[in-house]
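K.L.:
Got a structure for you, protein-v6.txt, holding compact mmCIF, C-alpha atoms and all ligand atoms.
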```txt
# COMPACT_ATOMS: atom_id res chain seq x y z
CA MET I 27 4.77 14.50 0.84
CA ASN I 28 4.48 10.82 0.09
CA ARG I 29 7.46 8.53 0.11
CA TYR I 30 7.70 5.23 -1.67
CA GLN I 31 10.03 2.30 -1.17
CA ILE I 32 10.83 0.13 -4.18
CA VAL I 33 11.51 -3.30 -2.73
CA ALA I 34 13.47 -6.05 -4.41
CA ASP I 35 11.58 -9.29 -3.91
CA SER I 36 14.35 -10.71 -1.76
CA ASP I 37 14.66 -7.66 0.50
CA THR I 38 13.96 -7.64 4.20
CA VAL I 39 11.28 -5.00 4.50
CA LEU I 40 10.78 -2.55 7.31
CA ARG I 41 7.75 -0.74 8.53
CA ASP I 42 9.03 2.80 8.10
CA GLY I 43 5.89 4.58 6.88
CA THR I 44 6.81 4.33 3.21
CA ILE I 45 4.47 2.61 0.75
CA LYS I 46 6.21 -0.38 -0.80
CA LEU I 47 6.22 -0.99 -4.56
CA HIS I 48 6.51 -4.71 -5.22
CA GLY I 49 7.70 -6.66 -8.24
CA PRO I 50 6.49 -9.80 -10.06
CA GLU I 51 7.84 -12.33 -7.54
CA ALA I 52 5.93 -10.60 -4.76
CA PHE I 53 2.76 -10.66 -6.87
CA ALA I 54 3.22 -14.41 -7.34
CA ALA I 55 3.76 -14.94 -3.60
CA MET I 56 0.69 -12.84 -2.67
CA ARG I 57 -1.35 -14.77 -5.23
CA ARG I 58 -0.49 -17.98 -3.35
CA ALA I 59 -1.15 -16.57 0.13
CA GLY I 60 -4.34 -14.88 -1.05
CA ARG I 61 -5.63 -18.02 -2.69
CA LEU I 62 -5.10 -19.93 0.54
CA ALA I 63 -7.11 -17.29 2.42
CA ALA I 64 -9.95 -17.72 -0.09
CA GLU I 65 -9.78 -21.50 0.13
CA THR I 66 -9.89 -21.27 3.93
CA LEU I 67 -13.08 -19.20 3.79
CA ASP I 68 -14.52 -21.57 1.15
CA MET I 69 -13.76 -24.51 3.45
CA LEU I 70 -15.88 -22.85 6.15
CA VAL I 71 -19.01 -22.47 4.01
CA PRO I 72 -20.56 -25.87 4.87
CA LEU I 73 -19.43 -25.61 8.53
CA VAL I 74 -21.18 -22.31 9.26
CA ARG I 75 -24.54 -23.63 10.46
CA PRO I 76 -26.82 -23.20 13.47
CA GLY I 77 -25.28 -24.90 16.51
CA VAL I 78 -21.61 -24.72 15.54
CA THR I 79 -19.43 -22.90 18.09
CA THR I 80 -17.11 -20.19 16.91
CA ARG I 81 -14.32 -22.11 18.67
CA ALA I 82 -14.97 -25.11 16.37
CA LEU I 83 -14.73 -22.78 13.36
CA ASP I 84 -11.47 -21.33 14.70
CA ASP I 85 -10.09 -24.87 15.15
CA ALA I 86 -11.03 -25.64 11.54
CA VAL I 87 -9.22 -22.50 10.34
CA ARG I 88 -6.11 -23.39 12.36
CA ASP I 89 -6.01 -27.01 11.11
CA PHE I 90 -6.65 -26.08 7.47
CA THR I 91 -4.00 -23.35 7.54
CA LEU I 92 -1.36 -25.62 9.10
CA ASP I 93 -2.28 -28.48 6.73
CA HIS I 94 -1.52 -26.14 3.82
CA GLY I 95 1.92 -25.18 5.05
CA ALA I 96 0.95 -21.78 6.44
CA LEU I 97 0.55 -20.17 9.88
CA PRO I 98 -2.49 -18.19 11.06
CA ALA I 99 -0.96 -14.71 11.33
CA THR I 100 -3.36 -13.69 14.10
CA LEU I 101 -2.10 -16.45 16.43
CA GLY I 102 0.12 -14.60 18.90
CA TYR I 103 -0.34 -11.27 17.10
CA ARG I 104 -0.21 -8.55 19.81
CA GLY I 105 -1.37 -11.16 22.31
CA TYR I 106 -4.32 -12.39 20.23
CA ALA I 107 -4.59 -16.16 20.84
CA HIS I 108 -6.81 -17.39 17.96
CA SER I 109 -6.51 -18.33 14.30
CA CYS I 110 -9.21 -15.98 13.00
CA CYS I 111 -11.67 -13.31 14.07
CA ILE I 112 -15.40 -14.15 14.14
CA SER I 113 -17.73 -11.19 14.44
CA ILE I 114 -21.45 -11.88 14.89
CA ASN I 115 -24.34 -9.45 14.28
CA HIS I 116 -23.55 -6.15 16.07
CA VAL I 117 -19.87 -7.07 16.46
CA VAL I 118 -18.00 -4.86 14.00
CA CYS I 119 -14.66 -6.71 13.97
CA HIS I 120 -12.10 -8.68 16.00
CA GLY I 121 -14.72 -10.93 17.61
CA ILE I 122 -12.96 -13.63 19.65
CA PRO I 123 -13.82 -17.30 19.01
CA SER I 124 -15.59 -18.83 22.02
CA GLU I 125 -18.16 -21.42 23.11
CA ARG I 126 -20.90 -19.25 21.60
CA ALA I 127 -22.93 -21.34 19.14
CA LEU I 128 -24.24 -19.75 15.95
CA LYS I 129 -27.99 -19.51 15.66
CA ASP I 130 -30.51 -19.19 12.88
CA GLY I 131 -30.60 -15.62 11.54
CA ASP I 132 -27.08 -14.61 12.60
CA ILE I 133 -24.86 -12.73 10.17
CA VAL I 134 -21.22 -13.55 10.76
CA ASN I 135 -17.90 -12.19 9.50
CA ILE I 136 -14.92 -14.52 9.52
CA ASP I 137 -11.53 -12.90 8.93
CA VAL I 138 -8.52 -15.09 8.15
CA THR I 139 -4.87 -14.32 7.40
CA PRO I 140 -2.66 -17.25 6.42
CA LEU I 141 1.04 -16.42 6.50
CA LEU I 142 2.44 -18.50 3.62
CA ASP I 143 6.13 -18.46 2.70
CA GLY I 144 6.49 -15.10 4.43
CA TRP I 145 3.47 -13.38 2.82
CA HIS I 146 0.09 -12.48 4.35
CA GLY I 147 -3.21 -13.20 2.59
CA ASP I 148 -5.79 -11.17 4.53
CA SER I 149 -9.46 -11.64 3.71
CA SER I 150 -12.88 -11.77 5.32
CA ARG I 151 -16.41 -12.34 4.20
CA MET I 152 -19.91 -12.57 5.61
CA PHE I 153 -21.75 -15.82 6.24
CA CYS I 154 -25.51 -16.04 6.72
CA VAL I 155 -26.69 -18.63 9.25
CA GLY I 156 -29.97 -20.27 8.26
CA GLU I 157 -32.78 -17.83 7.43
CA VAL I 158 -31.56 -14.24 7.71
CA PRO I 159 -34.06 -11.32 7.74
CA LEU I 160 -34.23 -9.23 4.56
CA LYS I 161 -32.77 -6.07 6.16
CA ALA I 162 -29.70 -7.97 7.34
CA ARG I 163 -29.27 -9.61 3.92
CA ARG I 164 -29.49 -6.18 2.33
CA LEU I 165 -26.73 -4.90 4.66
CA VAL I 166 -24.53 -7.84 3.66
CA GLU I 167 -25.12 -7.21 -0.05
CA VAL I 168 -24.49 -3.47 0.15
CA THR I 169 -21.31 -4.05 2.17
CA TYR I 170 -20.05 -6.42 -0.52
CA GLU I 171 -20.90 -3.78 -3.13
CA CYS I 172 -18.93 -1.24 -1.07
CA LEU I 173 -15.85 -3.48 -1.17
CA MET I 174 -16.13 -3.99 -4.93
CA ILE I 175 -16.75 -0.28 -5.59
CA GLY I 176 -13.64 0.47 -3.53
CA ILE I 177 -11.66 -2.09 -5.51
CA ALA I 178 -12.87 -0.54 -8.80
CA ALA I 179 -11.41 2.79 -7.61
CA ALA I 180 -8.02 1.20 -6.88
CA LYS I 181 -5.97 1.82 -10.03
CA PRO I 182 -2.94 3.79 -11.20
CA GLY I 183 -3.75 7.46 -11.67
CA ALA I 184 -6.24 7.43 -8.81
CA ARG I 185 -5.50 8.53 -5.26
CA LEU I 186 -5.95 6.55 -2.07
CA GLY I 187 -8.79 8.86 -0.95
CA ASP I 188 -10.82 7.92 -4.01
CA ILE I 189 -11.37 4.46 -2.53
CA GLY I 190 -12.93 5.65 0.71
CA ALA I 191 -14.92 8.34 -1.05
CA ALA I 192 -16.51 5.75 -3.37
CA ILE I 193 -17.30 3.41 -0.49
CA GLN I 194 -18.78 6.15 1.69
CA ARG I 195 -20.96 7.43 -1.12
CA HIS I 196 -22.49 4.01 -1.73
CA ALA I 197 -23.03 3.14 1.95
CA GLU I 198 -24.56 6.49 2.80
CA ALA I 199 -26.86 6.35 -0.24
CA HIS I 200 -28.40 3.40 1.62
CA ARG I 201 -28.38 5.36 4.92
CA PHE I 202 -25.84 2.97 6.42
CA GLY I 203 -22.97 4.07 8.68
CA VAL I 204 -19.32 3.69 7.62
CA VAL I 205 -17.04 2.67 10.50
CA ARG I 206 -14.15 5.14 10.98
CA GLU I 207 -12.20 3.49 13.81
CA PHE I 208 -10.68 0.69 11.68
CA CYS I 209 -9.22 0.81 8.21
CA GLY I 210 -7.53 -1.23 5.51
CA HIS I 211 -3.74 -1.39 5.45
CA GLY I 212 -0.69 -2.16 3.43
CA VAL I 213 -0.06 -5.91 3.41
CA GLY I 214 2.68 -8.24 2.23
CA ARG I 215 5.60 -9.51 4.27
CA LEU I 216 4.13 -7.35 7.03
CA PHE I 217 0.57 -8.00 8.27
CA HIS I 218 -0.18 -4.32 8.81
CA ASP I 219 1.90 -1.81 6.87
CA ALA I 220 1.54 1.67 5.37
CA PRO I 221 -0.70 3.03 3.93
CA GLU I 222 -3.87 3.29 6.02
CA VAL I 223 -6.82 2.71 3.71
CA VAL I 224 -9.79 4.59 5.15
CA HIS I 225 -13.30 3.69 4.03
CA ALA I 226 -14.72 7.21 4.13
CA GLY I 227 -12.94 10.24 2.75
CA VAL I 228 -12.42 12.80 0.10
CA ALA I 229 -11.78 11.93 -3.56
CA GLY I 230 -8.59 13.35 -5.04
CA THR I 231 -6.72 13.30 -1.71
CA GLY I 232 -3.97 11.07 -0.37
CA PRO I 233 -1.07 9.30 -2.05
CA ALA I 234 -1.19 8.52 -5.77
CA LEU I 235 -1.78 4.82 -6.40
CA LYS I 236 1.08 3.14 -8.25
CA PRO I 237 1.63 -0.32 -9.73
CA GLY I 238 3.17 -2.62 -7.13
CA MET I 239 1.31 -1.31 -4.07
CA PHE I 240 -0.34 -4.03 -1.97
CA PHE I 241 -3.09 -3.23 0.52
CA THR I 242 -6.39 -4.43 1.92
CA ILE I 243 -9.78 -2.85 1.49
CA GLU I 244 -12.10 -3.94 4.29
CA PRO I 245 -15.15 -1.71 4.80
CA MET I 246 -17.21 -2.19 7.95
CA ILE I 247 -20.76 -0.94 7.36
CA ASN I 248 -23.46 -0.55 10.02
CA LEU I 249 -27.20 -0.80 9.58
CA GLY I 250 -27.41 2.10 12.05
CA LYS I 251 -24.97 4.80 13.04
CA ALA I 252 -21.22 4.64 12.45
CA PRO I 253 -19.74 4.89 15.98
CA VAL I 254 -18.07 1.89 17.56
CA LYS I 255 -17.35 0.91 21.16
CA MET I 256 -14.70 -1.48 22.49
CA LEU I 257 -15.61 -4.27 24.88
CA ASP I 258 -13.56 -4.87 28.03
CA ASP I 259 -11.74 -7.83 26.44
CA GLY I 260 -9.69 -5.22 24.57
CA TRP I 261 -10.45 -6.73 21.16
CA THR I 262 -14.16 -6.93 20.39
CA ALA I 263 -15.53 -3.84 18.67
CA VAL I 264 -19.34 -3.42 18.61
CA THR I 265 -21.69 -0.83 17.19
CA ARG I 266 -22.56 1.77 19.84
CA ASP I 267 -26.22 1.63 18.88
CA ARG I 268 -26.15 -2.20 18.80
CA SER I 269 -27.21 -2.19 15.14
CA LEU I 270 -25.99 -4.96 12.83
CA SER I 271 -22.60 -4.57 11.17
CA ALA I 272 -21.11 -6.27 8.12
CA GLN I 273 -17.63 -6.42 6.57
CA PHE I 274 -15.87 -7.86 3.52
CA GLU I 275 -12.11 -7.74 2.96
CA HIS I 276 -9.81 -8.46 0.04
CA SER I 277 -6.04 -8.06 -0.33
CA VAL I 278 -5.21 -6.39 -3.65
CA GLY I 279 -2.18 -5.36 -5.69
CA ILE I 280 -2.17 -2.34 -8.00
CA THR I 281 -1.29 -3.33 -11.59
CA GLU I 282 -0.58 -1.22 -14.70
CA THR I 283 -4.28 -1.22 -15.57
CA GLY I 284 -6.20 -1.59 -12.30
CA CYS I 285 -5.73 -4.04 -9.49
CA GLU I 286 -5.47 -7.76 -8.92
CA ILE I 287 -7.57 -9.33 -6.17
CA PHE I 288 -5.23 -11.79 -4.46
CA THR I 289 -7.94 -13.24 -2.20
CA ALA I 290 -10.67 -13.90 -4.80
CA SER I 291 -12.37 -17.27 -4.33
CA PRO I 292 -11.54 -19.75 -7.10
CA THR I 293 -15.11 -21.07 -6.71
CA GLY I 294 -16.87 -17.70 -6.55
CA ARG I 295 -18.10 -18.26 -3.00
CA ASP I 296 -16.83 -14.87 -1.79
CA LYS I 297 -19.87 -12.92 -2.98
CA PRO I 298 -23.52 -12.68 -1.96
CA PRO I 299 -26.19 -13.81 -2.55
CA TYR I 300 -25.08 -17.16 -1.24
N1 LIG I 401 -7.36 -9.64 9.95
C1 LIG I 401 -7.55 -8.38 10.63
C2 LIG I 401 -7.37 -7.32 9.59
O1 LIG I 401 -8.09 -7.34 8.64
C3 LIG I 401 -6.60 -8.19 11.77
C4 LIG I 401 -6.89 -9.07 12.91
S1 LIG I 401 -5.69 -8.83 14.11
C5 LIG I 401 -6.25 -9.73 15.40
O2 LIG I 401 -6.51 -6.49 9.60
F1 LIG I 401 -5.29 -9.75 16.23
F2 LIG I 401 -7.36 -9.19 15.86
F3 LIG I 401 -6.56 -10.95 15.00
CO CO I 402 -6.89 -6.51 7.13
CO CO I 403 -8.48 -9.30 7.96
```
Starting from the file, lay out its structure as structure tokens.

P.N.:
Amino acid sequence: MNRYQIVADSDTVLRDGTIKLHGPEAFAAMRRAGRLAAETLDMLVPLVRPGVTTRALDDAVRDFTLDHGALPATLGYRGYAHSCCISINHVVCHGIPSERALKDGDIVNIDVTPLLDGWHGDSSRMFCVGEVPLKARRLVEVTYECLMIGIAAAKPGARLGDIGAAIQRHAEAHRFGVVREFCGHGVGRLFHDAPEVVHAGVAGTGPALKPGMFFTIEPMINLGKAPVKMLDDGWTAVTRDRSLSAQFEHSVGITETGCEIFTASPTGRDKPPY
């Protein structure tokens, strides 16, 4: 049985396993937080070049977020001490900014979450550093297509499982692996809320999607096999077979007719080819 929680925009909201149904003020607030996430990633586009350290990129994310009246939600989240996650090549997600410099041919995911006026705008996209081999570019493009196919399935009348089923079908048609260990999530006043949005699954299963639900879709797709391994730092997830991995993430809200992408780039820089 699925339970829903209709939340007045002014309510304090709890993580109690229910799926929240938000009203117009919450949509407006998520639009603002989501736009800031997109602008943060847009700001990074000219900075992501061979030679830049991921620490310098993290500093840029922190400064930009603070300058725009928001806080990086990852800073201090469960002990995480950085303003974004930067995941290079075979790193699947939650890569930790460091003195590592980007090099020609790297594919890089940067995942940001500004917390603006109490609302979380969670988004990530891939960046290509210099000249990237065709196979890697193809992985990036197909992963973006997976996100958008998942978003197209997110509408009233559909079920949550339809999203993962659509993503899995597309990724596997290209013989790519869909990561199972991490999923999308409800988002809003809470960073990670119900429901879990899996990226591989069975159509027609799971909760019915209703107007007012907010969640992320954030498929991680591997050039090789799906399984993931954790590094000893407790955060960094890598592909077990060391194959390349890509990810795109948007925060969306279900509307009467489909869904609104809160984290779409106002300049269109959130989609390959770049
Ligand atoms: N932004 C990530 C997500 O998409 C979460 C990062 S949590 C961190 O859900 F602590 F690793 F930063
Ligand atoms: Co997320
Ligand atoms: Co994210």

K.L.:
With all atoms listed in the file counted, collect every polymer residue having an atom within 7 Å of ligand CO 402 (chain I); state the result as a ChimeraX atom specification.

P.N.:
/I:148-149,210-211,242,244,275

K.L.:
Produce a table with one row for each residue of chain I that has an atom at most 8 Å from any atom of ligand LIG 401 (chain I), each row naming the nearest atom pair and its distance in Å at one decimal; use all atoms listed in the file; arrange rows by chain and rising residue number; format as CSV.

P.N.:
```
residue,atom,partner,partner_atom,distance
I:Ala99,CA,I:LIG401,F3,7.7
I:Thr100,CA,I:LIG401,F3,4.3
I:Leu101,CA,I:LIG401,F3,7.2
I:Gly102,CA,I:LIG401,F1,7.7
I:Tyr103,CA,I:LIG401,F1,5.3
I:Arg104,CA,I:LIG401,F1,6.3
I:Gly105,CA,I:LIG401,F1,7.4
I:Tyr106,CA,I:LIG401,F1,4.9
I:Ala107,CA,I:LIG401,F1,7.9
I:His108,CA,I:LIG401,F3,7.1
I:Ser109,CA,I:LIG401,F3,7.4
I:Cys110,CA,I:LIG401,F3,6.0
I:Cys111,CA,I:LIG401,F3,5.7
I:Cys119,CA,I:LIG401,F2,7.9
I:His120,CA,I:LIG401,F2,4.8
I:Gly121,CA,I:LIG401,F2,7.8
I:Asp137,CA,I:LIG401,N1,5.4
I:Val138,CA,I:LIG401,N1,5.9
I:Thr139,CA,I:LIG401,N1,5.9
I:Asp148,CA,I:LIG401,N1,5.8
I:Ser149,CA,I:LIG401,O1,6.7
I:Ser150,CA,I:LIG401,O1,7.3
I:Cys209,CA,I:LIG401,O2,7.9
I:Gly210,CA,I:LIG401,O2,6.7
I:His211,CA,I:LIG401,O2,7.1
I:Phe217,CA,I:LIG401,O2,7.4
I:His218,CA,I:LIG401,O2,6.7
I:Thr242,CA,I:LIG401,O1,7.5
I:Glu244,CA,I:LIG401,O1,6.8
I:Trp261,CA,I:LIG401,F2,6.6
I:Glu275,CA,I:LIG401,O1,7.0
```

K.L.:
Set the distance at 12 Å and use all atoms listed in the file: which residues neighbour Val71 in chain I once local chain neighbours fewer than 6 positions away are removed? I'd like the list as a list in words.

P.N.:
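So the residues in contact are Ala64, Glu65, Leu83, Ala86, Val87, Val134, Asn135, Ile136, Arg151, Met152, Phe153, Cys154, Val155, Gly156, Ser291, Thr293, Gly294, Arg295, Asp296, Lys297 and Tyr300 of chain I.
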
K.L.:
Taking (-27.5, -9.3, 14.0) in the coordinates of the supplied file, I want to know which residues reach to within 8 Å of it, counting all atoms listed in the file; could you give the answer as a ChimeraX atom specification?

P.N.:
/I:114-116,131-133,162,269-271

K.L.:
For each of I:Pro298, I:Pro159, I:Gly227, I:Pro245, take the minimum atom-to-atom distance to ligand CO 403 (chain I), counting all atoms listed in the file, then give the residue where this is smallest.

P.N.:
I:Pro245

K.L.:
Which of these, I:Ala226, I:Ala63, I:Leu47, I:Leu97, has the shortest distance to ligand CO 403 (chain I) once you count all atoms listed in the file?

P.N.:
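Closest to ligand CO 403 (chain I), using all atoms listed in the file: I:Ala63.
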
K.L.:
Can you pull out every residue within 9 Å of Ile287 in chain I, counting all atoms listed in the file, but drop anything in the same chain fewer than 4 positions away, and send it as a PDB file with C-alpha atoms, keeping the file's coordinate frame?

P.N.:
```pdb
ATOM      1  CA  ARG I  57      -1.350 -14.770  -5.230  1.00  0.00           C
ATOM      2  CA  GLY I  60      -4.340 -14.880  -1.050  1.00  0.00           C
ATOM      3  CA  ILE I 177     -11.660  -2.090  -5.510  1.00  0.00           C
ATOM      4  CA  HIS I 276      -9.810  -8.460   0.040  1.00  0.00           C
ATOM      5  CA  SER I 277      -6.040  -8.060  -0.330  1.00  0.00           C
ATOM      6  CA  VAL I 278      -5.210  -6.390  -3.650  1.00  0.00           C
ATOM      7  CA  GLY I 279      -2.180  -5.360  -5.690  1.00  0.00           C
TER       8      GLY I 279
END
```

K.L.:
Any idea what the distance is between CA of Ser113 in chain I and CA of Pro253 in chain I?

P.N.:
16.3 Å

K.L.:
Which one is closest to ligand CO 403 (chain I): I:Leu70, I:Ala55, I:Val213, I:Ala234? Count all atoms listed in the file.

P.N.:
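Using all atoms listed in the file, the shortest distance to ligand CO 403 (chain I) belongs to I:Val213.
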
K.L.:
Between I:Pro140, I:Thr283, I:Leu40, I:Asp259, which one has atoms that come closest to ligand CO 403 (chain I), using all atoms listed in the file?

P.N.:
I:Pro140

K.L.:
List the neighbours of range 180-197 of chain I out to 10 Å using only C-alpha atoms; skip same-chain residues closer than 2 positions along the sequence, and give me the result as a PyMOL selection string.

P.N.:
chain I and resi 165+168-169+171-178+199-205+209-210+221-239+241+243+245-249+278-286

K.L.:
CA of Lys46 in chain I and CA of Gln31 in chain I are how many Å apart?

P.N.:
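Separation of CA of Lys46 in chain I and CA of Gln31 in chain I: 4.7 Å.
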
K.L.:
If I only have part of range 139-168 of chain I, can you fill in N, CA and C atoms and write it as a short mmCIF file (atom, residue, chain, number, x, y, z; two decimals), in the coordinates of the input?

P.N.:
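Saved as result_31.cif:
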```cif
data_model
loop_
_atom_site.label_atom_id
_atom_site.label_comp_id
_atom_site.auth_asym_id
_atom_site.auth_seq_id
_atom_site.Cartn_x
_atom_site.Cartn_y
_atom_site.Cartn_z
N THR I 139 -6.12 -14.82 7.98
CA THR I 139 -4.87 -14.32 7.40
C THR I 139 -3.79 -15.40 7.45
N PRO I 140 -3.78 -16.31 6.47
CA PRO I 140 -2.66 -17.25 6.42
C PRO I 140 -1.35 -16.53 6.08
N LEU I 141 -0.31 -16.91 6.79
CA LEU I 141 1.04 -16.42 6.50
C LEU I 141 1.76 -17.56 5.77
N LEU I 142 1.90 -17.41 4.46
CA LEU I 142 2.44 -18.50 3.62
C LEU I 142 3.75 -18.04 2.99
N ASP I 143 4.81 -18.78 3.26
CA ASP I 143 6.13 -18.46 2.70
C ASP I 143 6.50 -17.00 2.92
N GLY I 144 6.09 -16.46 4.08
CA GLY I 144 6.49 -15.10 4.43
C GLY I 144 5.55 -14.01 3.96
N TRP I 145 4.42 -14.37 3.34
CA TRP I 145 3.47 -13.38 2.82
C TRP I 145 2.09 -13.58 3.43
N HIS I 146 1.38 -12.46 3.68
CA HIS I 146 0.09 -12.48 4.35
C HIS I 146 -1.06 -12.34 3.35
N GLY I 147 -1.97 -13.30 3.38
CA GLY I 147 -3.21 -13.20 2.59
C GLY I 147 -4.35 -12.89 3.54
N ASP I 148 -4.82 -11.64 3.53
CA ASP I 148 -5.79 -11.17 4.53
C ASP I 148 -7.15 -10.99 3.86
N SER I 149 -8.14 -11.74 4.33
CA SER I 149 -9.46 -11.64 3.71
C SER I 149 -10.55 -12.00 4.70
N SER I 150 -11.71 -11.38 4.53
CA SER I 150 -12.88 -11.77 5.32
C SER I 150 -14.12 -11.69 4.46
N ARG I 151 -15.12 -12.43 4.88
CA ARG I 151 -16.41 -12.34 4.20
C ARG I 151 -17.53 -12.63 5.19
N MET I 152 -18.74 -12.31 4.78
CA MET I 152 -19.91 -12.57 5.61
C MET I 152 -20.47 -13.95 5.31
N PHE I 153 -21.03 -14.55 6.35
CA PHE I 153 -21.75 -15.82 6.24
C PHE I 153 -23.13 -15.59 6.85
N CYS I 154 -24.16 -16.14 6.20
CA CYS I 154 -25.51 -16.04 6.72
C CYS I 154 -25.90 -17.39 7.30
N VAL I 155 -26.37 -17.38 8.55
CA VAL I 155 -26.69 -18.63 9.25
C VAL I 155 -28.19 -18.88 9.12
N GLY I 156 -28.55 -19.93 8.43
CA GLY I 156 -29.97 -20.27 8.26
C GLY I 156 -30.72 -19.16 7.55
N GLU I 157 -31.92 -18.86 8.05
CA GLU I 157 -32.78 -17.83 7.43
C GLU I 157 -32.45 -16.48 8.04
N VAL I 158 -31.95 -15.57 7.23
CA VAL I 158 -31.56 -14.24 7.71
C VAL I 158 -32.59 -13.21 7.23
N PRO I 159 -33.06 -12.32 8.12
CA PRO I 159 -34.06 -11.32 7.74
C PRO I 159 -33.58 -10.45 6.56
N LEU I 160 -34.53 -9.98 5.79
CA LEU I 160 -34.23 -9.23 4.56
C LEU I 160 -33.31 -8.03 4.81
N LYS I 161 -33.57 -7.28 5.89
CA LYS I 161 -32.77 -6.07 6.16
C LYS I 161 -31.30 -6.43 6.37
N ALA I 162 -31.07 -7.53 7.08
CA ALA I 162 -29.70 -7.97 7.34
C ALA I 162 -29.04 -8.44 6.04
N ARG I 163 -29.82 -9.15 5.22
CA ARG I 163 -29.27 -9.61 3.92
C ARG I 163 -28.91 -8.42 3.05
N ARG I 164 -29.73 -7.40 3.11
CA ARG I 164 -29.49 -6.18 2.33
C ARG I 164 -28.18 -5.52 2.80
N LEU I 165 -27.98 -5.46 4.12
CA LEU I 165 -26.73 -4.90 4.66
C LEU I 165 -25.53 -5.68 4.13
N VAL I 166 -25.64 -7.00 4.13
CA VAL I 166 -24.53 -7.84 3.66
C VAL I 166 -24.25 -7.55 2.18
N GLU I 167 -25.31 -7.45 1.39
CA GLU I 167 -25.12 -7.21 -0.05
C GLU I 167 -24.51 -5.84 -0.30
N VAL I 168 -25.00 -4.83 0.37
CA VAL I 168 -24.49 -3.47 0.15
C VAL I 168 -23.03 -3.38 0.62
#
```
